[in-house]
Structure formats: C-alpha cells, structure tokens
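The data block below is my_file22.pdb; it holds PDB, C-alpha atoms.
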```
ATOM      1  CA  MET A  67       0.555   1.850 -26.698
ATOM      2  CA  ALA A  68      -1.587  -1.237 -27.230
ATOM      3  CA  THR A  69       0.143  -3.216 -24.485
ATOM      4  CA  ILE A  70       1.884  -2.150 -21.296
ATOM      5  CA  ASN A  71       5.297  -3.834 -21.282
ATOM      6  CA  TRP A  72       6.426  -3.766 -17.671
ATOM      7  CA  GLY A  73       9.835  -3.679 -16.086
ATOM      8  CA  ILE A  74      10.074  -4.370 -12.351
ATOM      9  CA  ILE A  75      12.776  -2.689 -10.284
ATOM     10  CA  GLY A  76      13.264  -4.703  -7.109
ATOM     11  CA  CYS A  77      11.845  -8.215  -7.502
ATOM     12  CA  GLY A  78      11.729  -9.092  -3.809
ATOM     13  CA  ASP A  79       9.127 -10.743  -1.600
ATOM     14  CA  VAL A  80       6.196  -8.468  -2.488
ATOM     15  CA  THR A  81       6.503  -9.392  -6.176
ATOM     16  CA  GLU A  82       6.523 -13.174  -5.705
ATOM     17  CA  VAL A  83       2.753 -13.612  -5.319
ATOM     18  CA  LYS A  84       1.089 -10.329  -4.391
ATOM     19  CA  SER A  85       1.949  -8.442  -7.577
ATOM     20  CA  GLY A  86       4.477  -9.976  -9.984
ATOM     21  CA  PRO A  87       2.387 -12.741 -11.609
ATOM     22  CA  ALA A  88      -0.560 -10.358 -12.071
ATOM     23  CA  PHE A  89       1.283  -8.315 -14.695
ATOM     24  CA  ASN A  90       0.876 -11.235 -17.101
ATOM     25  CA  LYS A  91      -2.706 -11.984 -16.077
ATOM     26  CA  VAL A  92      -4.488  -8.681 -16.710
ATOM     27  CA  PRO A  93      -5.503  -7.661 -20.251
ATOM     28  CA  ASN A  94      -3.063  -5.641 -22.381
ATOM     29  CA  SER A  95      -0.198  -6.199 -19.946
ATOM     30  CA  LYS A  96       3.076  -8.131 -20.098
ATOM     31  CA  LEU A  97       6.028  -8.488 -17.735
ATOM     32  CA  VAL A  98       9.092  -8.032 -19.944
ATOM     33  CA  ALA A  99      12.024  -7.608 -17.540
ATOM     34  CA  VAL A 100      13.014  -7.612 -13.875
ATOM     35  CA  MET A 101      15.887  -6.017 -11.984
ATOM     36  CA  ARG A 102      17.643  -6.858  -8.730
ATOM     37  CA  ARG A 103      21.216  -6.077  -7.725
ATOM     38  CA  ASP A 104      21.906  -9.674  -6.718
ATOM     39  CA  GLU A 105      22.576 -11.453 -10.029
ATOM     40  CA  GLU A 106      21.829 -14.968  -8.824
ATOM     41  CA  LYS A 107      18.551 -13.925  -7.223
ATOM     42  CA  VAL A 108      17.337 -11.951 -10.231
ATOM     43  CA  LYS A 109      18.246 -14.785 -12.617
ATOM     44  CA  ASP A 110      16.357 -17.203 -10.391
ATOM     45  CA  TYR A 111      13.314 -14.923 -10.260
ATOM     46  CA  ALA A 112      13.286 -14.492 -14.036
ATOM     47  CA  LYS A 113      13.532 -18.246 -14.556
ATOM     48  CA  ARG A 114      10.806 -19.137 -12.063
ATOM     49  CA  HIS A 115       8.405 -16.509 -13.409
ATOM     50  CA  SER A 116       9.249 -17.015 -17.105
ATOM     51  CA  VAL A 117      10.481 -13.446 -17.568
ATOM     52  CA  GLY A 118      12.574 -13.005 -20.697
ATOM     53  CA  LYS A 119      15.024 -10.348 -19.469
ATOM     54  CA  TRP A 120      16.789  -9.536 -16.251
ATOM     55  CA  TYR A 121      19.104  -6.748 -15.118
ATOM     56  CA  THR A 122      21.282  -5.905 -12.129
ATOM     57  CA  ASP A 123      21.271  -2.183 -13.002
ATOM     58  CA  ALA A 124      17.999  -0.269 -12.636
ATOM     59  CA  TYR A 125      18.954   2.328 -15.222
ATOM     60  CA  GLN A 126      19.568  -0.305 -17.863
ATOM     61  CA  LEU A 127      16.058  -1.601 -17.268
ATOM     62  CA  ILE A 128      14.575   1.910 -17.340
ATOM     63  CA  ASN A 129      16.271   2.612 -20.664
ATOM     64  CA  ASP A 130      15.290  -0.681 -22.294
ATOM     65  CA  PRO A 131      13.312   0.446 -25.376
ATOM     66  CA  GLU A 132      10.976  -2.561 -25.155
ATOM     67  CA  ILE A 133       9.756  -1.455 -21.713
ATOM     68  CA  ASN A 134       7.129   1.278 -21.618
ATOM     69  CA  ALA A 135       6.146   1.243 -17.913
ATOM     70  CA  ILE A 136       8.011   0.765 -14.637
ATOM     71  CA  TYR A 137       6.952  -0.874 -11.374
ATOM     72  CA  VAL A 138       9.170   0.346  -8.520
ATOM     73  CA  ALA A 139       9.130  -2.349  -5.825
ATOM     74  CA  THR A 140      12.351  -1.565  -3.959
ATOM     75  CA  PRO A 141      12.484  -0.498  -0.303
ATOM     76  CA  PRO A 142      11.072   3.072   0.071
ATOM     77  CA  LEU A 143      14.480   4.774   0.196
ATOM     78  CA  GLN A 144      14.931   4.184  -3.554
ATOM     79  CA  HIS A 145      11.378   5.014  -4.645
ATOM     80  CA  GLU A 146      11.993   8.670  -5.409
ATOM     81  CA  GLU A 147      15.218   8.103  -7.334
ATOM     82  CA  TYR A 148      13.828   5.426  -9.618
ATOM     83  CA  THR A 149      10.441   7.100 -10.081
ATOM     84  CA  LEU A 150      12.080  10.349 -11.197
ATOM     85  CA  ALA A 151      14.456   8.478 -13.492
ATOM     86  CA  ALA A 152      11.621   6.550 -15.122
ATOM     87  CA  LEU A 153       9.543   9.691 -15.618
ATOM     88  CA  LYS A 154      12.554  11.446 -17.139
ATOM     89  CA  ALA A 155      12.787   8.538 -19.583
ATOM     90  CA  GLY A 156       9.139   9.134 -20.491
ATOM     91  CA  LYS A 157       7.780   6.025 -18.805
ATOM     92  CA  PRO A 158       4.799   5.920 -16.408
ATOM     93  CA  VAL A 159       5.350   4.505 -12.932
ATOM     94  CA  TYR A 160       3.502   2.236 -10.541
ATOM     95  CA  VAL A 161       5.288   2.661  -7.199
ATOM     96  CA  GLU A 162       4.967   0.538  -4.072
ATOM     97  CA  LYS A 163       3.659   1.826  -0.782
ATOM     98  CA  PRO A 164       4.675   3.569   1.324
ATOM     99  CA  MET A 165       5.176   5.988  -1.553
ATOM    100  CA  THR A 166       8.584   7.005  -0.176
ATOM    101  CA  ILE A 167      10.303   7.792   3.143
ATOM    102  CA  ASP A 168       8.711  11.151   4.037
ATOM    103  CA  THR A 169       6.347  13.878   2.875
ATOM    104  CA  ALA A 170       9.034  16.075   1.325
ATOM    105  CA  SER A 171      10.182  13.225  -0.904
ATOM    106  CA  ALA A 172       6.576  12.407  -1.825
ATOM    107  CA  LYS A 173       5.939  16.017  -2.839
ATOM    108  CA  ARG A 174       8.943  15.952  -5.170
ATOM    109  CA  MET A 175       7.594  12.791  -6.760
ATOM    110  CA  ALA A 176       4.126  14.313  -7.111
ATOM    111  CA  ASP A 177       5.580  17.434  -8.733
ATOM    112  CA  ALA A 178       7.413  15.237 -11.247
ATOM    113  CA  ALA A 179       4.181  13.321 -11.874
ATOM    114  CA  LYS A 180       2.436  16.417 -13.187
ATOM    115  CA  GLY A 181       2.214  15.930 -16.931
ATOM    116  CA  ASN A 182       3.273  12.298 -16.451
ATOM    117  CA  LYS A 183       1.588   9.240 -14.967
ATOM    118  CA  VAL A 184       2.279   7.874 -11.491
ATOM    119  CA  SER A 185       0.068   5.489  -9.515
ATOM    120  CA  VAL A 186       0.761   4.371  -5.938
ATOM    121  CA  ALA A 187       0.204   0.757  -4.867
ATOM    122  CA  HIS A 188      -2.556   1.455  -2.350
ATOM    123  CA  TYR A 189      -4.131  -1.610  -3.866
ATOM    124  CA  ARG A 190      -6.843  -2.379  -1.324
ATOM    125  CA  ARG A 191      -9.009   0.401  -2.749
ATOM    126  CA  ALA A 192      -9.348  -1.661  -5.944
ATOM    127  CA  GLN A 193     -10.338  -4.905  -4.225
ATOM    128  CA  PRO A 194     -14.014  -5.971  -4.346
ATOM    129  CA  LEU A 195     -14.365  -6.003  -0.545
ATOM    130  CA  PHE A 196     -13.361  -2.365  -0.103
ATOM    131  CA  ILE A 197     -15.282  -1.187  -3.150
ATOM    132  CA  LYS A 198     -18.379  -2.790  -1.607
ATOM    133  CA  LEU A 199     -17.544  -1.277   1.775
ATOM    134  CA  LYS A 200     -17.408   2.190   0.214
ATOM    135  CA  GLU A 201     -20.802   1.566  -1.402
ATOM    136  CA  LEU A 202     -22.289   0.525   1.942
ATOM    137  CA  LEU A 203     -20.898   3.564   3.750
ATOM    138  CA  GLU A 204     -22.296   5.882   1.088
ATOM    139  CA  SER A 205     -25.661   4.081   0.922
ATOM    140  CA  GLY A 206     -26.721   5.209   4.389
ATOM    141  CA  ILE A 207     -27.318   1.654   5.571
ATOM    142  CA  ILE A 208     -25.887   2.621   8.990
ATOM    143  CA  GLY A 209     -27.023   6.236   8.739
ATOM    144  CA  GLU A 210     -24.619   9.153   8.898
ATOM    145  CA  ILE A 211     -21.062   8.070   9.697
ATOM    146  CA  ARG A 212     -20.028   9.468  13.058
ATOM    147  CA  PHE A 213     -16.544   8.057  13.541
ATOM    148  CA  VAL A 214     -14.103   5.306  12.595
ATOM    149  CA  ASP A 215     -12.064   3.323  15.096
ATOM    150  CA  ILE A 216      -9.030   1.297  14.038
ATOM    151  CA  LYS A 217      -7.045  -0.907  16.386
ATOM    152  CA  PHE A 218      -4.094  -2.806  14.995
ATOM    153  CA  LEU A 219      -2.217  -4.536  17.789
ATOM    154  CA  GLN A 220       0.485  -7.109  17.123
ATOM    155  CA  ALA A 221       2.909  -9.214  19.157
ATOM    156  CA  PRO A 222       6.577  -8.162  19.084
ATOM    157  CA  LEU A 223       8.861  -9.506  16.398
ATOM    158  CA  SER A 224      10.819 -12.581  17.400
ATOM    159  CA  ALA A 225      14.585 -12.939  17.140
ATOM    160  CA  GLN A 226      14.000 -15.148  14.097
ATOM    161  CA  ASP A 227      11.860 -12.432  12.474
ATOM    162  CA  LEU A 228      14.461  -9.772  13.174
ATOM    163  CA  ALA A 229      17.122 -11.877  11.448
ATOM    164  CA  LEU A 230      15.212 -11.970   8.138
ATOM    165  CA  PRO A 231      16.478  -9.507   5.494
ATOM    166  CA  LYS A 232      12.913  -8.855   4.295
ATOM    167  CA  VAL A 233      12.035  -7.726   7.838
ATOM    168  CA  GLN A 234      15.234  -5.826   8.604
ATOM    169  CA  TRP A 235      14.751  -3.104   5.994
ATOM    170  CA  ARG A 236      11.114  -2.630   7.006
ATOM    171  CA  ILE A 237      12.118  -1.645  10.550
ATOM    172  CA  ASP A 238      15.034   0.600   9.554
ATOM    173  CA  PRO A 239      13.839   4.250   9.507
ATOM    174  CA  LEU A 240      16.682   5.224   7.180
ATOM    175  CA  VAL A 241      15.441   2.768   4.549
ATOM    176  CA  ALA A 242      11.694   2.567   5.197
ATOM    177  CA  GLY A 243      10.954   5.945   6.793
ATOM    178  CA  GLY A 244       9.801   4.191   9.969
ATOM    179  CA  GLY A 245       9.013   0.753  11.322
ATOM    180  CA  LEU A 246       6.041  -1.595  11.006
ATOM    181  CA  PHE A 247       3.637   1.336  11.288
ATOM    182  CA  HIS A 248       5.053   2.834   8.082
ATOM    183  CA  ASP A 249       4.914  -0.566   6.402
ATOM    184  CA  LEU A 250       1.284  -1.397   7.242
ATOM    185  CA  ALA A 251      -0.641   1.776   8.098
ATOM    186  CA  PRO A 252      -0.550   3.218   4.533
ATOM    187  CA  HIS A 253      -3.156   0.614   3.526
ATOM    188  CA  GLN A 254      -5.481   1.645   6.352
ATOM    189  CA  LEU A 255      -4.983   5.389   6.020
ATOM    190  CA  ASP A 256      -5.375   5.380   2.243
ATOM    191  CA  LEU A 257      -8.699   3.591   2.638
ATOM    192  CA  MET A 258      -9.881   6.376   4.941
ATOM    193  CA  LEU A 259      -9.021   8.921   2.240
ATOM    194  CA  TYR A 260     -10.781   6.729  -0.335
ATOM    195  CA  PHE A 261     -13.905   6.560   1.828
ATOM    196  CA  PHE A 262     -14.097  10.077   3.258
ATOM    197  CA  GLY A 263     -12.091  12.471   1.075
ATOM    198  CA  LYS A 264     -10.300  15.608   2.186
ATOM    199  CA  ILE A 265      -8.858  16.113   5.649
ATOM    200  CA  LYS A 266      -9.584  19.144   7.825
ATOM    201  CA  ASP A 267      -7.109  18.376  10.615
ATOM    202  CA  ALA A 268      -4.878  15.570  11.892
ATOM    203  CA  SER A 269      -2.724  14.921  14.950
ATOM    204  CA  GLY A 270      -0.951  12.044  16.624
ATOM    205  CA  LEU A 271       1.452  10.679  19.211
ATOM    206  CA  SER A 272       4.073   7.951  19.008
ATOM    207  CA  ALA A 273       6.866   6.298  20.975
ATOM    208  CA  ASN A 274       9.366   3.468  20.888
ATOM    209  CA  GLN A 275       8.334   1.438  23.923
ATOM    210  CA  ALA A 276       9.806  -2.028  23.381
ATOM    211  CA  HIS A 277      13.099  -0.817  21.836
ATOM    212  CA  ILE A 278      13.274  -3.892  19.614
ATOM    213  CA  TYR A 279      14.227  -1.746  16.636
ATOM    214  CA  ASN A 280      15.020   1.915  15.884
ATOM    215  CA  ALA A 281      11.517   3.139  15.071
ATOM    216  CA  ASP A 282       8.352   3.978  16.959
ATOM    217  CA  ASP A 283       6.374   0.834  17.765
ATOM    218  CA  ILE A 284       3.252   2.485  19.161
ATOM    219  CA  VAL A 285       1.330   5.186  17.304
ATOM    220  CA  SER A 286      -2.010   6.883  17.856
ATOM    221  CA  GLY A 287      -3.619   9.154  15.321
ATOM    222  CA  ASN A 288      -6.704  11.320  14.938
ATOM    223  CA  ILE A 289      -8.277  12.807  11.826
ATOM    224  CA  VAL A 290     -11.168  15.193  11.279
ATOM    225  CA  PHE A 291     -12.433  14.966   7.701
ATOM    226  CA  GLU A 292     -14.038  17.924   5.955
ATOM    227  CA  ASN A 293     -17.316  15.982   5.840
ATOM    228  CA  GLY A 294     -17.354  15.839   9.654
ATOM    229  CA  VAL A 295     -16.335  12.192  10.123
ATOM    230  CA  LEU A 296     -13.821  11.612  12.927
ATOM    231  CA  PHE A 297     -11.136   8.929  12.809
ATOM    232  CA  GLN A 298      -9.125   7.469  15.656
ATOM    233  CA  GLY A 299      -6.425   4.844  15.242
ATOM    234  CA  LEU A 300      -4.085   2.938  17.523
ATOM    235  CA  TRP A 301      -1.186   0.812  16.335
ATOM    236  CA  CYS A 302       1.022  -1.135  18.736
ATOM    237  CA  PHE A 303       3.563  -3.800  17.812
ATOM    238  CA  SER A 304       4.522  -5.067  21.260
ATOM    239  CA  VAL A 305       1.377  -6.479  22.887
ATOM    240  CA  PRO A 306       0.961 -10.019  24.307
ATOM    241  CA  GLU A 307      -0.530 -12.636  22.000
ATOM    242  CA  GLU A 308      -3.921 -12.535  23.698
ATOM    243  CA  GLU A 309      -4.268  -8.819  22.821
ATOM    244  CA  VAL A 310      -3.532  -9.167  19.091
ATOM    245  CA  VAL A 311      -6.296  -7.551  17.030
ATOM    246  CA  ASP A 312      -6.963  -6.171  13.549
ATOM    247  CA  SER A 313     -10.185  -4.209  13.843
ATOM    248  CA  CYS A 314     -11.788  -1.419  11.841
ATOM    249  CA  LYS A 315     -15.220  -0.207  12.970
ATOM    250  CA  PHE A 316     -17.421   2.395  11.293
ATOM    251  CA  ILE A 317     -20.007   3.792  13.705
ATOM    252  CA  GLY A 318     -23.045   5.414  12.160
ATOM    253  CA  SER A 319     -26.211   7.051  13.491
ATOM    254  CA  LYS A 320     -28.188   3.837  12.823
ATOM    255  CA  GLY A 321     -25.667   1.012  13.129
ATOM    256  CA  LYS A 322     -22.111  -0.237  12.726
ATOM    257  CA  ILE A 323     -19.937  -1.851  10.058
ATOM    258  CA  SER A 324     -16.930  -3.919  11.095
ATOM    259  CA  VAL A 325     -14.088  -5.277   8.952
ATOM    260  CA  SER A 326     -10.543  -6.537   9.256
ATOM    261  CA  ILE A 327      -8.168  -4.715   6.921
ATOM    262  CA  PHE A 328      -5.605  -7.541   6.776
ATOM    263  CA  GLY A 329      -7.638 -10.526   7.944
ATOM    264  CA  GLU A 330     -10.593 -12.517   6.656
ATOM    265  CA  PRO A 331     -12.310 -10.943   3.600
ATOM    266  CA  GLU A 332     -15.720 -10.249   5.091
ATOM    267  CA  ILE A 333     -17.902  -7.309   6.082
ATOM    268  CA  HIS A 334     -20.143  -7.364   9.155
ATOM    269  CA  VAL A 335     -23.105  -5.001   9.241
ATOM    270  CA  ILE A 336     -24.662  -4.616  12.698
ATOM    271  CA  LYS A 337     -28.061  -2.900  12.867
ATOM    272  CA  ASN A 338     -31.028  -3.156  15.260
ATOM    273  CA  GLY A 339     -29.210  -5.867  17.203
ATOM    274  CA  LYS A 340     -28.807  -8.085  14.148
ATOM    275  CA  THR A 341     -25.603  -8.901  12.227
ATOM    276  CA  SER A 342     -25.386  -9.665   8.530
ATOM    277  CA  LYS A 343     -22.187 -10.851   6.882
ATOM    278  CA  ILE A 344     -20.902 -10.353   3.340
ATOM    279  CA  THR A 345     -18.063 -12.726   2.423
ATOM    280  CA  PHE A 346     -15.589 -12.332  -0.425
ATOM    281  CA  GLN A 347     -13.294 -14.816  -2.123
ATOM    282  CA  LYS A 348      -9.627 -14.538  -1.222
ATOM    283  CA  LEU A 349      -7.561 -13.136  -4.067
ATOM    284  CA  GLU A 350      -4.675 -15.172  -5.453
ATOM    285  CA  HIS A 351      -2.764 -11.999  -6.304
ATOM    286  CA  VAL A 352      -3.928  -9.184  -4.032
ATOM    287  CA  GLN A 353      -2.658  -6.439  -6.338
ATOM    288  CA  GLN A 354      -4.268  -7.771  -9.518
ATOM    289  CA  PRO A 355      -7.406  -5.578  -9.392
ATOM    290  CA  MET A 356      -5.266  -2.461  -8.902
ATOM    291  CA  ILE A 357      -2.797  -3.452 -11.615
ATOM    292  CA  GLU A 358      -5.691  -3.872 -14.024
ATOM    293  CA  LYS A 359      -6.885  -0.345 -13.228
ATOM    294  CA  VAL A 360      -3.348   1.043 -13.557
ATOM    295  CA  VAL A 361      -2.945  -0.599 -16.977
ATOM    296  CA  GLN A 362      -6.213   0.995 -18.115
ATOM    297  CA  TYR A 363      -4.998   4.364 -16.814
ATOM    298  CA  PHE A 364      -1.654   4.067 -18.559
ATOM    299  CA  LEU A 365      -3.515   3.196 -21.790
ATOM    300  CA  ASP A 366      -5.716   6.327 -21.418
ATOM    301  CA  LYS A 367      -8.787   4.123 -20.901
ATOM    302  CA  GLY A 368      -9.476   4.944 -17.264
ATOM    303  CA  GLU A 369      -8.770   7.317 -14.380
ATOM    304  CA  ASN A 370      -5.822   7.120 -12.037
ATOM    305  CA  PRO A 371      -6.872   4.639  -9.308
ATOM    306  CA  SER A 372      -4.378   6.010  -6.753
ATOM    307  CA  SER A 373      -2.629   9.261  -7.596
ATOM    308  CA  ALA A 374       0.692  10.690  -6.463
ATOM    309  CA  ASP A 375      -1.165  13.505  -4.685
ATOM    310  CA  GLU A 376      -3.109  10.902  -2.691
ATOM    311  CA  GLY A 377       0.203   9.234  -1.902
ATOM    312  CA  VAL A 378       1.505  12.545  -0.547
ATOM    313  CA  GLU A 379      -1.495  12.811   1.775
ATOM    314  CA  VAL A 380      -0.863   9.323   3.166
ATOM    315  CA  MET A 381       2.797  10.187   3.749
ATOM    316  CA  ARG A 382       1.738  13.415   5.471
ATOM    317  CA  LEU A 383      -0.456  11.449   7.875
ATOM    318  CA  LEU A 384       2.389   9.045   8.660
ATOM    319  CA  ASP A 385       4.642  12.019   9.445
ATOM    320  CA  VAL A 386       2.005  13.888  11.466
ATOM    321  CA  PHE A 387       1.145  10.839  13.578
ATOM    322  CA  THR A 388       4.816  10.125  14.335
ATOM    323  CA  GLY A 389       5.836  13.743  14.922
ATOM    324  CA  VAL A 390       8.037  14.215  11.865
ATOM    325  CA  LYS A 391       8.355  17.926  11.061
TER     326      LYS A 391
END
```

Structure encoded using structure tokens:
Amino acid sequence: MATINWGIIGCGDVTEVKSGPAFNKVPNSKLVAVMRRDEEKVKDYAKRHSVGKWYTDAYQLINDPEINAIYVATPPLQHEEYTLAALKAGKPVYVEKPMTIDTASAKRMADAAKGNKVSVAHYRRAQPLFIKLKELLESGIIGEIRFVDIKFLQAPLSAQDLALPKVQWRIDPLVAGGGLFHDLAPHQLDLMLYFFGKIKDASGLSANQAHIYNADDIVSGNIVFENGVLFQGLWCFSVPEEEVVDSCKFIGSKGKISVSIFGEPEIHVIKNGKTSKITFQKLEHVQQPMIEKVVQYFLDKGENPSSADEGVEVMRLLDVFTGVK
C-alpha cells in the first residue's frame, strides 16, 4: 500500500472535528467512504466533508475493494463486531476508545489482532504536550516519581444534556460499558500506562450516588506500577460547580509537575518554590498526531502507537475500578 484509503464506520460527533478531517490532512492518507445507518445524516456528512462514498451498511463499507483500512467510531457496543469483521476482510483497524464494553470483549479483539494490525484511539499519547510530559518525567527534573494524583470532578448533567442522543449512549452501560467514567477515564489511564509501563496491582471502588443515569458516577482507583510508582484517582460527576476540577499531579522526590488532561495545553513544573510553565498550541484536530502515527504503522513505516494489548489493559483498569468481575 502506498496510501491508506480509509472507511469510517460511525460518522458521529467525534468524527466531525476531532478525527474525521485529519484523515485527509496527514501524508499518505485519504478518507474514501463513511457509513452511518441514518441515510440522511450520512449523506449530509459525506457532502459537508467532501467524501466520495457513503453507506448505511457497515459490511458494504468493509468489503469495498477501494478501502484498505477501517476506522471504527461507533458506540463501544459495536466495536468488537466491526473490528473482527474488518480484520477478517484483511483490513487493519483504528478503533475508538474505550476499546469496547469490557475486558473480555477487548481480549477477543486483541486475540484477533495477532497477525493483523489494530490501533486504539488513545490519541493523547501522540500529542506534543504528553510526549514532552513523558520526557520530563523520565529526565529526572523532579527526581524519582513517588506518586500520581488525578482528580476529575464535574457537575451533574443537566436535563438538556440528558436529552441529547450523543450523551444518552455514553451513559448507557449496555452500549458504552459504563457512564462518563468509561467515556473519559481511558484517556487518563492510558497515559499512566504510557508513562509508567506495567502494572503490579490495581484496586478501586465505585457507586451511583446521584442516580441521574444507570451507571456509577463516582469512582476511585489505585495502581501500583512495577517500577514502584503509585497512582490514585478520583472521578465524580455530581459535584457543585465550585468543586469542578481537572487535575493531574506528578509528585517526585525533588518537585512536582501539574497538568490538566482535558483543559488548557500547558505543563507546570514546580521546584524549589518556583514554577515554570510550558505552553502548547491547541490542536485543530486532536487526533491528527495519532492518525499520522497509525498511518505510518499501517504502511510498515513505524511501530504501533497504541496496541490492542494496551487497550485491554485500559479496559481491565476500568473493570477493576468499577468492580466488574
């Protein structure tokens, strides 16, 4: 293959700006076709994004001979089905996060990926900010890393939010595997794996306190990495506005590094009572750096930037923290 000709299954909200346009902006990559079950919506998407083909049947897109790679961007419930179908058709897959709905499903996908190519859209690990953050952590600028503390606290969803289709599936455990924790925490947890490697032990607690939807809305989790770093995280989606926070702190033997995973693109290094700040430009398409790496991988010109096995480990943490057996 000289060019990766993409087909997107599920051209919903995530593909409008975050990912979709990037497939035509990275080298050796072209968006050839899109699929959505709603004919009017998929026709509209294809027209607005200048995509030459559209389908309402995922299997027709998968079997299109012009397409040689598949991006699965449906809700998580369909990720396994379409990933396995694409691999059976001999086409590599870039699959959205969370990888699927639970660890067992992720393991089946990872087994199918052996001898094939699957990358998971844990795209923050390819962004300049988090690449730089990894360099800083490994440089010893704050000494040996002792522990990481994440707090992600959000106000409850409003009635207007709950009425939006793009929100409804994200808080339905049958479709998404969980609620907002499952939707957002994969980015944070994958970064911890990217920074610190293999896990020695993990545990967690969760509950549905606000009962706004049928999934746990508060989760705490702890990880001990094989390198000795400890991680503690707290996610709550029903706090008052004045308690909203998106904080990730790395405490070392000689200082601290602080970032926001979803907020402003900047790194704060605190050492000897002084703070230095590294600022990054906001990305127009947040998945573009990852898509570029995936294209290189699919063309045998680079390593897998986010493997199926790494996706399994993220799913395992989600299940462990929320008590799924």

Which is closest to Thr140 of chain A among A:Ser171, A:Asn182, A:Asn90, A:Thr81, if we use all atoms listed in the file? A:Thr81

Sel. within 8 Å of pt (-4.5, -1.4, -17.7), counting only C-alpha atoms, output as a PyMOL selection string: chain A and resi 70+92-95+357-365+367

So that I can see what lies close to Phe261 of chain A, please list as JSON, numbers by chain the residues with an atom at most 10 Å from it, counting only C-alpha atoms and leaving out residues fewer than 4 positions away in the same chain. {"A": [191, 196, 197, 199, 200, 201, 203, 204, 255, 256, 257]}

Pairwise distance for atom CA of Pro87 of chain A and atom CA of Glu105 of chain A, rounded to one decimal in Å: 20.3 Å

Spatial neighbours of Gly243 of chain A, 9 Å, only C-alpha atoms, chain gap at least 2 places, as a list of chain:residue names: A:Pro142, A:Leu143, A:Pro164, A:Thr166, A:Ile167, A:Asp168, A:Arg236, A:Ile237, A:Asp238, A:Pro239, A:Leu240, A:Val241, A:Gly245, A:His248, A:Asp249, A:Ala281

Go ahead and write the residues just picked, C-alpha atoms, as an mmCIF file, keeping the file's coordinate frame.
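The new file result28.cif reads:
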```cif
data_model
loop_
_atom_site.group_PDB
_atom_site.id
_atom_site.type_symbol
_atom_site.label_atom_id
_atom_site.label_comp_id
_atom_site.auth_asym_id
_atom_site.auth_seq_id
_atom_site.Cartn_x
_atom_site.Cartn_y
_atom_site.Cartn_z
ATOM 1 C CA PRO A 142 11.072 3.072 0.071
ATOM 2 C CA LEU A 143 14.480 4.774 0.196
ATOM 3 C CA PRO A 164 4.675 3.569 1.324
ATOM 4 C CA THR A 166 8.584 7.005 -0.176
ATOM 5 C CA ILE A 167 10.303 7.792 3.143
ATOM 6 C CA ASP A 168 8.711 11.151 4.037
ATOM 7 C CA ARG A 236 11.114 -2.630 7.006
ATOM 8 C CA ILE A 237 12.118 -1.645 10.550
ATOM 9 C CA ASP A 238 15.034 0.600 9.554
ATOM 10 C CA PRO A 239 13.839 4.250 9.507
ATOM 11 C CA LEU A 240 16.682 5.224 7.180
ATOM 12 C CA VAL A 241 15.441 2.768 4.549
ATOM 13 C CA GLY A 245 9.013 0.753 11.322
ATOM 14 C CA HIS A 248 5.053 2.834 8.082
ATOM 15 C CA ASP A 249 4.914 -0.566 6.402
ATOM 16 C CA ALA A 281 11.517 3.139 15.071
#
```

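Every protein, DNA or RNA residue with an atom at most 12 Å from segment 334-343 of chain A, where only C-alpha atoms count and chain neighbours fewer than 5 positions away do not, is listed here: Leu195, Lys198, Leu199, Leu202, Leu203, Gly206, Ile207, Ile208, Gly209, Ser313, Cys314, Lys315, Phe316, Ile317, Gly318, Ser319, Lys320, Gly321, Lys322, Ile323, Ser324, Val325 and Ser326 of chain A.
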
Taking C-alpha atoms for each residue, export the selection above as a tab-separated table (two decimals), keeping the file's coordinate frame.
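Output file again-v6.tsv follows:
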```tsv
chain	number	residue	atom	x	y	z
A	195	LEU	CA	-14.36	-6.00	-0.55
A	198	LYS	CA	-18.38	-2.79	-1.61
A	199	LEU	CA	-17.54	-1.28	1.78
A	202	LEU	CA	-22.29	0.52	1.94
A	203	LEU	CA	-20.90	3.56	3.75
A	206	GLY	CA	-26.72	5.21	4.39
A	207	ILE	CA	-27.32	1.65	5.57
A	208	ILE	CA	-25.89	2.62	8.99
A	209	GLY	CA	-27.02	6.24	8.74
A	313	SER	CA	-10.18	-4.21	13.84
A	314	CYS	CA	-11.79	-1.42	11.84
A	315	LYS	CA	-15.22	-0.21	12.97
A	316	PHE	CA	-17.42	2.40	11.29
A	317	ILE	CA	-20.01	3.79	13.70
A	318	GLY	CA	-23.04	5.41	12.16
A	319	SER	CA	-26.21	7.05	13.49
A	320	LYS	CA	-28.19	3.84	12.82
A	321	GLY	CA	-25.67	1.01	13.13
A	322	LYS	CA	-22.11	-0.24	12.73
A	323	ILE	CA	-19.94	-1.85	10.06
A	324	SER	CA	-16.93	-3.92	11.10
A	325	VAL	CA	-14.09	-5.28	8.95
A	326	SER	CA	-10.54	-6.54	9.26
```

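In this model, the gap between atom CA of Asp375 of chain A and atom CA of Lys264 of chain A comes to 11.6 Å.
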
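Summary of the local environment: counting only C-alpha atoms, residues at most 9 Å from segment 172-180 of chain A, other than itself and those fewer than 2 positions away along its chain, are His145, Glu146, Glu147, Thr149, Leu150, Leu153, Lys154, Pro158, Val159, Met165, Thr166, Ile167, Asp168, Thr169, Ala170, Asn182, Lys183, Val184, Ser373, Ala374, Asp375, Gly377, Val378, Glu379, Met381 and Arg382 of chain A.
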
Give me, as a PDB file with C-alpha atoms, in the frame of the given file, all polymer residues having an atom no more than 9 Å from segment 385-389 of chain A, counting all atoms listed in the file and skipping those fewer than 6 positions away in the same chain.
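Generated output (selection_19.pdb):
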```pdb
ATOM      1  CA  ASP A 168       8.711  11.151   4.037  1.00  0.00           C
ATOM      2  CA  THR A 169       6.347  13.878   2.875  1.00  0.00           C
ATOM      3  CA  GLY A 244       9.801   4.191   9.969  1.00  0.00           C
ATOM      4  CA  ALA A 268      -4.878  15.570  11.892  1.00  0.00           C
ATOM      5  CA  SER A 269      -2.724  14.921  14.950  1.00  0.00           C
ATOM      6  CA  GLY A 270      -0.951  12.044  16.624  1.00  0.00           C
ATOM      7  CA  LEU A 271       1.452  10.679  19.211  1.00  0.00           C
ATOM      8  CA  SER A 272       4.073   7.951  19.008  1.00  0.00           C
ATOM      9  CA  ALA A 273       6.866   6.298  20.975  1.00  0.00           C
ATOM     10  CA  ASP A 282       8.352   3.978  16.959  1.00  0.00           C
ATOM     11  CA  VAL A 285       1.330   5.186  17.304  1.00  0.00           C
ATOM     12  CA  SER A 286      -2.010   6.883  17.856  1.00  0.00           C
ATOM     13  CA  GLY A 287      -3.619   9.154  15.321  1.00  0.00           C
ATOM     14  CA  ASN A 288      -6.704  11.320  14.938  1.00  0.00           C
TER      15      ASN A 288
END
```

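Applied to the shown file, the PyMOL selection byres ((chain A and resi 298-311) around 6) selects the residues A:Asp215, A:Ile216, A:Lys217, A:Phe218, A:Leu219, A:Gln220, A:Ala221, A:Pro222, A:Asp283, A:Ile284, A:Val285, A:Ser286, A:Gly287, A:Asn288, A:Phe297, A:Asp312.
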
As lines of an AutoDock Vina configuration file, please: the centre and edge lengths in Å, to one decimal, of an axis-aligned box enclosing every listed atom of segment 368-379 of chain A with 8 Å added on each side.
```
center_x = -4.0
center_y = 9.1
center_z = -7.7
size_x = 27.0
size_y = 24.9
size_z = 35.0
```
